[in-house]
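Containing mmCIF, C-alpha atoms and all ligand atoms: coords.cif.
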```
data_my_file
loop_
_atom_site.group_PDB
_atom_site.id
_atom_site.type_symbol
_atom_site.label_atom_id
_atom_site.label_comp_id
_atom_site.auth_asym_id
_atom_site.auth_seq_id
_atom_site.Cartn_x
_atom_site.Cartn_y
_atom_site.Cartn_z
ATOM 1 C CA MET A 1 -15.840 5.969 8.553
ATOM 2 C CA THR A 2 -13.046 8.217 7.393
ATOM 3 C CA LEU A 3 -9.889 6.222 6.776
ATOM 4 C CA ILE A 4 -6.762 8.361 7.005
ATOM 5 C CA ASP A 5 -3.417 6.696 6.282
ATOM 6 C CA PRO A 6 -0.766 9.422 6.481
ATOM 7 C CA HIS A 7 2.493 7.519 5.841
ATOM 8 C CA THR A 8 3.245 5.486 2.690
ATOM 9 C CA HIS A 9 6.061 5.077 0.164
ATOM 10 C CA SER A 10 6.182 5.050 -3.619
ATOM 11 C CA ALA A 11 8.841 3.708 -5.981
ATOM 12 C CA TYR A 12 10.485 7.141 -5.885
ATOM 13 C CA SER A 13 12.001 5.850 -2.653
ATOM 14 C CA ASP A 14 11.758 2.225 -1.496
ATOM 15 C CA GLY A 15 8.111 1.394 -2.178
ATOM 16 C CA THR A 16 7.144 -0.615 -5.258
ATOM 17 C CA ASP A 17 4.088 1.309 -6.540
ATOM 18 C CA THR A 18 4.176 4.484 -8.603
ATOM 19 C CA PRO A 19 2.378 7.386 -6.894
ATOM 20 C CA SER A 20 -0.526 6.846 -9.327
ATOM 21 C CA GLN A 21 -0.810 3.162 -8.455
ATOM 22 C CA LEU A 22 -0.597 4.065 -4.791
ATOM 23 C CA MET A 23 -3.492 6.533 -5.111
ATOM 24 C CA GLU A 24 -5.537 3.954 -7.022
ATOM 25 C CA LYS A 25 -4.910 1.296 -4.385
ATOM 26 C CA ALA A 26 -5.806 3.795 -1.668
ATOM 27 C CA GLY A 27 -9.102 4.470 -3.447
ATOM 28 C CA ALA A 28 -9.802 0.750 -3.745
ATOM 29 C CA ALA A 29 -9.049 0.320 -0.032
ATOM 30 C CA GLY A 30 -11.634 2.968 0.840
ATOM 31 C CA ILE A 31 -9.063 5.467 2.099
ATOM 32 C CA SER A 32 -10.205 9.112 2.253
ATOM 33 C CA VAL A 33 -6.836 10.751 2.847
ATOM 34 C CA LEU A 34 -3.457 9.289 1.891
ATOM 35 C CA GLY A 35 -0.088 10.632 3.007
ATOM 36 C CA LEU A 36 2.727 10.183 0.479
ATOM 37 C CA THR A 37 5.930 10.305 2.510
ATOM 38 C CA ASP A 38 8.858 9.039 0.479
ATOM 39 C CA HIS A 39 12.236 8.946 2.169
ATOM 40 C CA ASP A 40 14.078 12.273 1.718
ATOM 41 C CA VAL A 41 12.283 13.390 -1.479
ATOM 42 C CA THR A 42 9.066 15.114 -2.549
ATOM 43 C CA VAL A 43 9.332 14.217 -6.254
ATOM 44 C CA GLY A 44 6.205 12.029 -6.096
ATOM 45 C CA TRP A 45 3.897 14.847 -4.963
ATOM 46 C CA ASP A 46 3.022 16.098 -8.467
ATOM 47 C CA GLU A 47 2.048 12.736 -9.867
ATOM 48 C CA ALA A 48 0.013 11.854 -6.776
ATOM 49 C CA SER A 49 -1.789 15.212 -6.774
ATOM 50 C CA LYS A 50 -2.905 14.644 -10.376
ATOM 51 C CA MET A 51 -4.674 11.486 -9.198
ATOM 52 C CA VAL A 52 -6.749 13.189 -6.495
ATOM 53 C CA SER A 53 -9.808 13.973 -8.600
ATOM 54 C CA LYS A 54 -9.635 10.701 -10.510
ATOM 55 C CA THR A 55 -9.497 8.538 -7.385
ATOM 56 C CA GLY A 56 -11.442 10.716 -4.946
ATOM 57 C CA VAL A 57 -8.592 10.272 -2.462
ATOM 58 C CA SER A 58 -7.302 13.431 -0.783
ATOM 59 C CA LEU A 59 -3.544 13.870 -0.666
ATOM 60 C CA LEU A 60 -1.479 14.782 2.374
ATOM 61 C CA ARG A 61 1.928 15.788 1.071
ATOM 62 C CA GLY A 62 4.825 14.681 3.240
ATOM 63 C CA MET A 63 8.368 13.362 3.356
ATOM 64 C CA GLU A 64 10.151 11.003 5.746
ATOM 65 C CA MET A 65 13.497 12.558 6.608
ATOM 66 C CA SER A 66 16.409 10.302 7.459
ATOM 67 C CA CYS A 67 18.079 11.464 10.665
ATOM 68 C CA SER A 68 20.560 9.941 13.056
ATOM 69 C CA TRP A 69 21.326 10.403 16.703
ATOM 70 C CA LYS A 70 24.738 8.984 17.723
ATOM 71 C CA GLY A 71 24.458 6.325 15.033
ATOM 72 C CA ILE A 72 20.839 5.453 15.811
ATOM 73 C CA THR A 73 18.499 6.014 12.876
ATOM 74 C CA VAL A 74 15.569 8.339 13.476
ATOM 75 C CA HIS A 75 12.842 8.883 10.874
ATOM 76 C CA LEU A 76 11.100 12.232 10.989
ATOM 77 C CA LEU A 77 7.889 12.749 9.036
ATOM 78 C CA SER A 78 7.486 16.261 7.697
ATOM 79 C CA TYR A 79 4.007 17.243 6.560
ATOM 80 C CA LEU A 80 2.829 20.115 4.351
ATOM 81 C CA HIS A 81 6.153 21.976 4.296
ATOM 82 C CA ASN A 82 7.378 24.269 1.548
ATOM 83 C CA PRO A 83 9.174 21.862 -0.827
ATOM 84 C CA ASP A 84 11.445 24.660 -2.073
ATOM 85 C CA ASP A 85 12.788 25.567 1.336
ATOM 86 C CA PRO A 86 16.573 25.920 0.796
ATOM 87 C CA ALA A 87 17.668 24.409 4.110
ATOM 88 C CA LEU A 88 15.494 21.316 3.710
ATOM 89 C CA LEU A 89 16.553 20.905 0.075
ATOM 90 C CA GLU A 90 20.193 21.105 1.095
ATOM 91 C CA SER A 91 19.675 18.541 3.789
ATOM 92 C CA SER A 92 17.963 16.182 1.302
ATOM 93 C CA ARG A 93 20.752 16.669 -1.201
ATOM 94 C CA LYS A 94 23.364 15.757 1.410
ATOM 95 C CA VAL A 95 21.565 12.688 2.618
ATOM 96 C CA LEU A 96 20.930 11.405 -0.931
ATOM 97 C CA GLN A 97 24.628 11.768 -1.653
ATOM 98 C CA SER A 98 25.566 9.976 1.527
ATOM 99 C CA ARG A 99 23.004 7.223 0.821
ATOM 100 C CA GLU A 100 24.629 6.532 -2.516
ATOM 101 C CA ASN A 101 28.170 6.381 -1.097
ATOM 102 C CA ARG A 102 27.059 4.208 1.750
ATOM 103 C CA ALA A 103 25.114 1.814 -0.476
ATOM 104 C CA GLN A 104 28.151 1.398 -2.745
ATOM 105 C CA ILE A 105 30.373 0.613 0.235
ATOM 106 C CA MET A 106 27.901 -1.963 1.528
ATOM 107 C CA VAL A 107 27.499 -3.584 -1.893
ATOM 108 C CA GLU A 108 31.252 -3.869 -2.221
ATOM 109 C CA ARG A 109 31.438 -5.692 1.122
ATOM 110 C CA ILE A 110 28.447 -7.894 0.347
ATOM 111 C CA SER A 111 29.767 -8.818 -3.087
ATOM 112 C CA ALA A 112 32.639 -10.688 -1.429
ATOM 113 C CA ASP A 113 30.067 -13.229 -0.168
ATOM 114 C CA TYR A 114 27.002 -12.854 -2.423
ATOM 115 C CA PRO A 115 26.693 -12.583 -6.224
ATOM 116 C CA ILE A 116 25.563 -8.975 -6.585
ATOM 117 C CA THR A 117 27.104 -5.848 -8.101
ATOM 118 C CA TRP A 118 26.349 -2.127 -7.878
ATOM 119 C CA GLU A 119 24.855 -2.311 -11.394
ATOM 120 C CA ASP A 120 22.400 -4.967 -10.161
ATOM 121 C CA VAL A 121 21.245 -2.644 -7.393
ATOM 122 C CA LEU A 122 20.693 0.223 -9.824
ATOM 123 C CA GLU A 123 18.778 -2.117 -12.123
ATOM 124 C CA VAL A 124 16.382 -3.380 -9.469
ATOM 125 C CA ALA A 125 15.772 0.084 -8.088
ATOM 126 C CA ASN A 126 12.905 1.402 -10.161
ATOM 127 C CA ALA A 127 14.138 3.766 -12.862
ATOM 128 C CA ASP A 128 12.297 6.461 -10.907
ATOM 129 C CA ALA A 129 14.078 5.801 -7.628
ATOM 130 C CA LYS A 130 15.774 8.930 -6.406
ATOM 131 C CA VAL A 131 16.723 7.346 -3.131
ATOM 132 C CA ILE A 132 18.943 4.288 -2.959
ATOM 133 C CA GLY A 133 18.492 2.350 0.248
ATOM 134 C CA ARG A 134 19.128 -1.033 1.781
ATOM 135 C CA PRO A 135 15.749 -2.263 0.459
ATOM 136 C CA HIS A 136 17.148 -1.983 -3.074
ATOM 137 C CA ILE A 137 20.209 -4.017 -2.067
ATOM 138 C CA ALA A 138 17.755 -6.531 -0.606
ATOM 139 C CA ASP A 139 15.928 -6.674 -3.947
ATOM 140 C CA ALA A 140 19.208 -7.355 -5.762
ATOM 141 C CA LEU A 141 19.931 -10.203 -3.323
ATOM 142 C CA ILE A 142 16.439 -11.588 -3.956
ATOM 143 C CA ARG A 143 16.920 -11.414 -7.710
ATOM 144 C CA ALA A 144 20.270 -13.212 -7.339
ATOM 145 C CA GLY A 145 18.400 -16.006 -5.543
ATOM 146 C CA SER A 146 20.158 -15.514 -2.198
ATOM 147 C CA PHE A 147 16.974 -14.675 -0.240
ATOM 148 C CA LYS A 148 13.218 -14.846 -0.715
ATOM 149 C CA THR A 149 12.106 -11.604 0.968
ATOM 150 C CA ARG A 150 13.450 -8.202 1.947
ATOM 151 C CA ALA A 151 12.889 -9.170 5.584
ATOM 152 C CA GLU A 152 15.228 -12.169 5.184
ATOM 153 C CA ALA A 153 17.887 -10.099 3.453
ATOM 154 C CA PHE A 154 17.704 -7.567 6.290
ATOM 155 C CA GLU A 155 17.974 -10.266 8.928
ATOM 156 C CA PHE A 156 21.025 -11.982 7.426
ATOM 157 C CA VAL A 157 22.882 -9.264 5.532
ATOM 158 C CA LEU A 158 21.640 -5.704 5.925
ATOM 159 C CA HIS A 159 21.077 -5.429 9.666
ATOM 160 C CA PRO A 160 23.019 -2.645 11.489
ATOM 161 C CA ARG A 161 24.771 -5.269 13.627
ATOM 162 C CA GLY A 162 25.846 -7.257 10.572
ATOM 163 C CA PRO A 163 29.387 -7.256 9.127
ATOM 164 C CA TYR A 164 28.379 -5.454 5.920
ATOM 165 C CA TYR A 165 26.684 -2.470 7.519
ATOM 166 C CA HIS A 166 27.986 1.001 6.927
ATOM 167 C CA PHE A 167 26.772 4.038 8.791
ATOM 168 C CA LEU A 168 24.584 6.526 6.913
ATOM 169 C CA TRP A 169 25.317 10.175 7.569
ATOM 170 C CA SER A 170 22.104 12.053 8.063
ATOM 171 C CA GLU A 171 20.659 15.078 9.788
ATOM 172 C CA ASP A 172 20.643 15.487 13.557
ATOM 173 C CA PRO A 173 17.007 14.957 14.652
ATOM 174 C CA VAL A 174 16.786 18.159 16.715
ATOM 175 C CA GLU A 175 18.078 20.220 13.797
ATOM 176 C CA ALA A 176 15.716 18.376 11.485
ATOM 177 C CA VAL A 177 12.730 19.303 13.670
ATOM 178 C CA GLN A 178 13.819 22.956 13.556
ATOM 179 C CA LYS A 179 14.332 22.854 9.779
ATOM 180 C CA VAL A 180 10.912 21.321 9.192
ATOM 181 C CA ARG A 181 9.280 24.015 11.346
ATOM 182 C CA ASN A 182 11.241 26.755 9.560
ATOM 183 C CA ALA A 183 9.984 25.340 6.254
ATOM 184 C CA GLY A 184 6.415 25.600 7.538
ATOM 185 C CA GLY A 185 6.123 21.851 7.982
ATOM 186 C CA VAL A 186 4.695 19.697 10.747
ATOM 187 C CA PRO A 187 7.345 17.380 12.234
ATOM 188 C CA ILE A 188 6.150 14.023 13.569
ATOM 189 C CA ILE A 189 8.541 11.298 14.667
ATOM 190 C CA ALA A 190 7.902 8.024 12.806
ATOM 191 C CA HIS A 191 7.764 4.615 14.553
ATOM 192 C CA PRO A 192 10.056 5.666 17.458
ATOM 193 C CA ARG A 193 10.068 2.182 19.034
ATOM 194 C CA ALA A 194 10.946 0.002 16.074
ATOM 195 C CA ARG A 195 12.904 -2.398 18.279
ATOM 196 C CA LYS A 196 13.599 -5.029 15.676
ATOM 197 C CA ARG A 197 15.457 -2.634 13.453
ATOM 198 C CA GLN A 198 18.122 -1.291 15.792
ATOM 199 C CA LYS A 199 18.950 0.096 19.237
ATOM 200 C CA LEU A 200 16.219 2.387 20.513
ATOM 201 C CA LEU A 201 16.483 6.137 20.687
ATOM 202 C CA PRO A 202 16.816 7.116 24.367
ATOM 203 C CA ASP A 203 13.964 9.118 25.893
ATOM 204 C CA GLY A 204 16.298 12.071 26.462
ATOM 205 C CA ALA A 205 16.831 12.484 22.729
ATOM 206 C CA LEU A 206 13.074 12.297 22.137
ATOM 207 C CA PHE A 207 12.526 14.994 24.773
ATOM 208 C CA ASP A 208 15.120 17.179 23.029
ATOM 209 C CA MET A 209 13.117 16.827 19.823
ATOM 210 C CA ILE A 210 9.949 17.750 21.708
ATOM 211 C CA ASP A 211 11.661 20.858 23.106
ATOM 212 C CA ALA A 212 12.755 21.783 19.575
ATOM 213 C CA GLY A 213 9.148 21.838 18.344
ATOM 214 C CA LEU A 214 8.114 18.270 17.540
ATOM 215 C CA ALA A 215 4.398 18.245 16.707
ATOM 216 C CA GLY A 216 3.554 14.620 17.222
ATOM 217 C CA ILE A 217 4.451 10.966 17.655
ATOM 218 C CA GLU A 218 3.516 8.133 15.324
ATOM 219 C CA VAL A 219 2.290 5.775 18.025
ATOM 220 C CA ASN A 220 0.053 3.411 16.101
ATOM 221 C CA HIS A 221 2.467 1.568 13.825
ATOM 222 C CA ARG A 222 3.189 -2.147 13.544
ATOM 223 C CA ASP A 223 6.856 -1.701 14.489
ATOM 224 C CA ASN A 224 6.018 -0.162 17.893
ATOM 225 C CA ALA A 225 5.240 -3.037 20.290
ATOM 226 C CA PRO A 226 1.865 -2.698 22.130
ATOM 227 C CA GLU A 227 3.499 -1.913 25.487
ATOM 228 C CA ASP A 228 5.657 0.723 23.795
ATOM 229 C CA GLN A 229 2.576 2.233 22.176
ATOM 230 C CA GLU A 230 1.029 2.748 25.593
ATOM 231 C CA TYR A 231 4.187 4.422 26.867
ATOM 232 C CA LEU A 232 4.468 6.664 23.787
ATOM 233 C CA ARG A 233 0.810 7.622 24.122
ATOM 234 C CA GLN A 234 1.514 8.732 27.668
ATOM 235 C CA ILE A 235 4.522 10.839 26.596
ATOM 236 C CA ALA A 236 2.443 12.430 23.843
ATOM 237 C CA ARG A 237 -0.428 13.219 26.204
ATOM 238 C CA GLU A 238 1.852 14.766 28.804
ATOM 239 C CA ALA A 239 3.669 16.895 26.222
ATOM 240 C CA GLY A 240 0.475 17.860 24.400
ATOM 241 C CA LEU A 241 1.581 16.232 21.149
ATOM 242 C CA LEU A 242 -0.466 14.805 18.303
ATOM 243 C CA ILE A 243 -0.789 11.029 18.086
ATOM 244 C CA THR A 244 -0.808 9.483 14.622
ATOM 245 C CA GLY A 245 -1.016 5.991 13.179
ATOM 246 C CA SER A 246 -0.182 4.688 9.710
ATOM 247 C CA SER A 247 0.527 1.639 7.607
ATOM 248 C CA ASP A 248 3.982 2.756 6.380
ATOM 249 C CA TYR A 249 2.968 0.843 3.246
ATOM 250 C CA HIS A 250 5.857 -0.026 0.891
ATOM 251 C CA GLY A 251 3.984 -2.057 -1.754
ATOM 252 C CA LEU A 252 5.434 -5.534 -2.241
ATOM 253 C CA GLY A 253 8.534 -4.655 -0.206
ATOM 254 C CA LYS A 254 6.893 -5.180 3.171
ATOM 255 C CA PRO A 255 3.878 -7.032 4.573
ATOM 256 C CA ASN A 256 2.327 -3.733 5.771
ATOM 257 C CA GLN A 257 -1.166 -3.279 4.300
ATOM 258 C CA LEU A 258 -2.755 0.086 3.479
ATOM 259 C CA ALA A 259 -4.752 1.524 6.404
ATOM 260 C CA GLU A 260 -3.733 -1.233 8.820
ATOM 261 C CA TYR A 261 -3.284 1.664 11.263
ATOM 262 C CA THR A 262 -4.848 5.080 10.758
ATOM 263 C CA THR A 263 -5.031 8.611 12.143
ATOM 264 C CA ALA A 264 -8.060 10.377 13.640
ATOM 265 C CA PRO A 265 -9.733 13.138 11.565
ATOM 266 C CA GLU A 266 -9.249 15.752 14.306
ATOM 267 C CA VAL A 267 -5.508 15.021 14.350
ATOM 268 C CA LEU A 268 -5.332 15.460 10.592
ATOM 269 C CA GLU A 269 -7.171 18.771 10.939
ATOM 270 C CA GLU A 270 -4.560 19.948 13.416
ATOM 271 C CA ILE A 271 -1.733 18.873 11.065
ATOM 272 C CA GLU A 272 -3.305 20.880 8.258
ATOM 273 C CA TRP A 273 -3.789 23.844 10.534
ATOM 274 C CA GLN A 274 -0.108 23.794 11.578
ATOM 275 C CA GLY A 275 1.242 23.218 8.045
ATOM 276 C CA THR A 276 1.952 25.680 5.257
ATOM 277 C CA LEU A 277 0.388 23.752 2.353
ATOM 278 C CA PRO A 278 -3.216 22.553 2.192
ATOM 279 C CA ILE A 279 -4.360 18.960 1.891
ATOM 280 C CA ILE A 280 -5.357 18.464 -1.745
ATOM 281 C CA THR A 281 -8.998 17.450 -1.985
ATOM 282 C CA PRO A 282 -11.012 16.239 -4.991
HETATM 283 P P1 LIG B 301 18.039 2.621 4.684
HETATM 284 O O1 LIG B 301 17.149 3.810 4.488
HETATM 285 O O2 LIG B 301 18.859 2.314 3.492
HETATM 286 O O3 LIG B 301 18.833 2.665 5.944
HETATM 287 O O4 LIG B 301 17.038 1.383 4.845
HETATM 288 C C1 LIG B 301 15.999 1.495 5.765
HETATM 289 C C2 LIG B 301 14.682 1.111 5.108
HETATM 290 O O5 LIG B 301 14.662 -0.289 4.958
HETATM 291 C C3 LIG B 301 13.472 1.443 5.943
HETATM 292 O O6 LIG B 301 12.912 2.650 5.558
HETATM 293 C C4 LIG B 301 12.512 0.342 5.640
HETATM 294 O O7 LIG B 301 11.703 0.727 4.560
HETATM 295 C C5 LIG B 301 13.368 -0.793 5.151
HETATM 296 N N1 LIG B 301 13.455 -1.911 6.105
HETATM 297 C C6 LIG B 301 14.023 -1.926 7.326
HETATM 298 N N2 LIG B 301 13.936 -3.152 7.890
HETATM 299 C C7 LIG B 301 13.278 -3.929 6.983
HETATM 300 C C8 LIG B 301 12.857 -5.291 6.958
HETATM 301 N N3 LIG B 301 13.121 -6.111 7.972
HETATM 302 N N4 LIG B 301 12.203 -5.730 5.864
HETATM 303 C C9 LIG B 301 11.942 -4.904 4.823
HETATM 304 N N5 LIG B 301 12.321 -3.623 4.783
HETATM 305 C C10 LIG B 301 12.973 -3.136 5.842
HETATM 306 FE FE FE B 302 11.379 2.580 3.739
HETATM 307 FE FE FE B 303 10.536 4.862 8.494
HETATM 308 ZN ZN ZN B 304 8.249 4.983 6.178
#
```
Spit out the file's structure as structure tokens when you get a sec.
Amino acid sequence: MTLIDPHTHSAYSDGTDTPSQLMEKAGAAGISVLGLTDHDVTVGWDEASKMVSKTGVSLLRGMEMSCSWKGITVHLLSYLHNPDDPALLESSRKVLQSRENRAQIMVERISADYPITWEDVLEVANADAKVIGRPHIADALIRAGSFKTRAEAFEFVLHPRGPYYHFLWSEDPVEAVQKVRNAGGVPIIAHPRARKRQKLLPDGALFDMIDAGLAGIEVNHRDNAPEDQEYLRQIAREAGLLITGSSDYHGLGKPNQLAEYTTAPEVLEEIEWQGTLPIITP
């Protein structure tokens, strides 16, 4: 059995493991190929690639781009793109800047009702974190004793419908698909039916992404309800798109377990074939 888990996060974004720990855990879980896909950054690639021979786990280099369509968050996985592509770098730079502004605004609002400060958020974010997100605010709330888990903090404080929420500027998903393709990457939409998180992206917007060159849909993911998975599978089949599955592992930050969903070897082969970089093998 070849276990392929193409979507996970390290502490460079909002996971809790270093890339090295992540590769070690992947090895222990019997995973053959691990995708490291931090939000908006590729800084973890080097460290993870150094662990390939030690752990025997092959590395699929990726990034999960933050995008938004009329205020609805869309996550676009980009695989095997050129990490020095100027347009993608510029788009990352802009979204990191807007993440920081937005997080500060939210913390200011939250601090009226809960005992946390911006300094607390920076402290709980791993020193390595290049990406400040709501999960780090959740961790500060947990440390302050206000909540027990990130999930609770999201439900009561950080949810988009809550009073503290502030919109995050990020790339338009159609433009993001084009930029990923121009950078030689393979664009796959992540968990498109994560109903609990927010309003769903309308089908029309998904079809626009498909027209722009989307390569695949992450169908098998715990946040897509089973009936939605069936529907997404049908869309993917009709449009000739790849179907992937992943854990979206975040370490201690989420209940998701490594390889709880996986991707078929022939799909991975097609991703590698379409991408500019190779998968790093032991
Ligand atoms: P942000 O990027 O700051 O908008 O925050 C979104 C991130 O928060 C997602 O990438 C998830 O990793 C995380 N997230 C969303 N909902 C939850 C939840 N209920 N529990 C834990 N983490 C969550
Ligand atoms: Fe995340
Ligand atoms: Fe995501
Ligand atoms: Zn993710």
Please find the residues contacting ligand FE 303 (chain B) at a distance of at most 8 Å between atoms, with all atoms listed in the file counted, and report them as a PyMOL selection string.
chain A and resi 39+64+74-76+190-191+248
Here is a test: counting all atoms listed in the file, which residue of A:Pro226, A:Pro255, A:Pro163, A:Pro19 is nearest to ligand LIG 301 (chain B)?
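With all atoms listed in the file as the atom set, the closest residue is A:Pro255.
When only C-alpha atoms and all ligand atoms are used to measure the gap to ligand LIG 301 (chain B), the shortest distance among A:Ala125, A:Ala103, A:Ala87, A:Ala225 belongs to A:Ala103.
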For CA of Ala144 (chain A) and CA of Met106 (chain A), determine how far apart the two atoms are, in Å to one decimal place.
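Distance between the two atoms: 16.2 Å.
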Name every residue that the PyMOL selection byres (((chain A and resi 72) around 12) and not hetatm) selects in this structure, writing the answer as number ranges by chain with chains first and numbers rising.
A: 66-71, 73-75, 160-161, 167-173, 192-195, 197-202, 205
List, as an MDAnalysis selection string, every residue that the PyMOL selection byres (((not hetatm)) within 12 of (chain B and resi 304)) selects in the file provided.
chainID A and resid 5:10 13:15 35:40 62:66 74:78 135 188:192 194 218 221:223 245:251 253:254 256
Running the PyMOL selection byres (((chain A and resi 82) around 8) and not hetatm) on this model by hand, what would come out? Give it as a ChimeraX atom specification.
/A:80-81,83-85,183-185,276-277
Just need the box for ligand LIG 301 (chain B), edges along x, y and z, holding every atom the file lists for it with 6 Å tacked onto each side, so centre and edge lengths in Å to one decimal, as JSON.
```
{"center_x": 15.3, "center_y": -1.2, "center_z": 5.7, "size_x": 19.2, "size_y": 21.9, "size_z": 16.5}
```
For a test of reading the model, state the distance in Å between CA of Asn126 (chain A) and atom N1 of ligand LIG 301 (chain B), rounded to one decimal.
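These atoms are spaced 16.6 Å apart.
When CA of Asp113 (chain A) is paired with atom O6 of ligand LIG 301 (chain B), their separation reads 24.1 Å.
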Selection as a compact mmCIF listing (two decimals) with C-alpha atoms, in the frame of the given file: residues within 12 Å of (16.4, -1.9, -9.5), counting only C-alpha atoms:
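selection.txt, freshly written:
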```txt
# COMPACT_ATOMS: atom_id res chain seq x y z
CA ALA A 11 8.84 3.71 -5.98
CA TYR A 12 10.48 7.14 -5.88
CA SER A 13 12.00 5.85 -2.65
CA ASP A 14 11.76 2.22 -1.50
CA GLY A 15 8.11 1.39 -2.18
CA THR A 16 7.14 -0.62 -5.26
CA ILE A 116 25.56 -8.98 -6.58
CA THR A 117 27.10 -5.85 -8.10
CA TRP A 118 26.35 -2.13 -7.88
CA GLU A 119 24.86 -2.31 -11.39
CA ASP A 120 22.40 -4.97 -10.16
CA VAL A 121 21.24 -2.64 -7.39
CA LEU A 122 20.69 0.22 -9.82
CA GLU A 123 18.78 -2.12 -12.12
CA VAL A 124 16.38 -3.38 -9.47
CA ALA A 125 15.77 0.08 -8.09
CA ASN A 126 12.90 1.40 -10.16
CA ALA A 127 14.14 3.77 -12.86
CA ASP A 128 12.30 6.46 -10.91
CA ALA A 129 14.08 5.80 -7.63
CA LYS A 130 15.77 8.93 -6.41
CA VAL A 131 16.72 7.35 -3.13
CA ILE A 132 18.94 4.29 -2.96
CA GLY A 133 18.49 2.35 0.25
CA ARG A 134 19.13 -1.03 1.78
CA PRO A 135 15.75 -2.26 0.46
CA HIS A 136 17.15 -1.98 -3.07
CA ILE A 137 20.21 -4.02 -2.07
CA ALA A 138 17.76 -6.53 -0.61
CA ASP A 139 15.93 -6.67 -3.95
CA ALA A 140 19.21 -7.36 -5.76
CA LEU A 141 19.93 -10.20 -3.32
CA ILE A 142 16.44 -11.59 -3.96
CA ARG A 143 16.92 -11.41 -7.71
```
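Between Gln274 (chain A) and the candidates A:Glu227, A:Asn182, A:Ser146, A:Ile217, the tightest atom-to-atom separation, counting only C-alpha atoms, involves A:Asn182.
Proximity ranking of A:Tyr114, A:Phe154, A:Phe147, A:Tyr165 relative to ligand LIG 301 (chain B) places A:Phe154 first, based on all atoms listed in the file.
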Considering only C-alpha atoms, state which residue in the set A:Ala176, A:Ala112, A:Leu158, A:Leu258 is at the smallest distance from Leu22 (chain A).
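Going through A:Ala176, A:Ala112, A:Leu158, A:Leu258 one by one, the smallest distance to Leu22 (chain A) is for A:Leu258.
Using only C-alpha atoms and all ligand atoms, the shortest contact distance between ligand LIG 301 (chain B) and any of A:His166, A:Gly27, A:Gly204, A:Thr262 is found at A:His166.
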Find the residues near Phe207 (chain A): any atom within 12 Å, counting only C-alpha atoms, skip ones fewer than 2 places away on the same chain, and give them as a list in words.
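The filter keeps Pro173, Val174, Val177, Ile189, Leu201, Pro202, Asp203, Gly204, Ala205, Met209, Ile210, Asp211, Ala212, Gly213, Leu214, Ala215, Gly216, Ile217, Leu232, Ile235, Ala236, Glu238, Ala239 and Leu241 of chain A.
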Neighbours of Leu268 (chain A) within 10 Å (only C-alpha atoms; same-chain residues fewer than 4 positions away dropped), as a list in words?
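So, after excluding close chain neighbours, the residues are Ile4, Asp5, Pro6, Val33, Leu60, Leu242, Ile243, Thr244, Thr263, Ala264, Glu272, Trp273, Gln274 and Ile279 of chain A.
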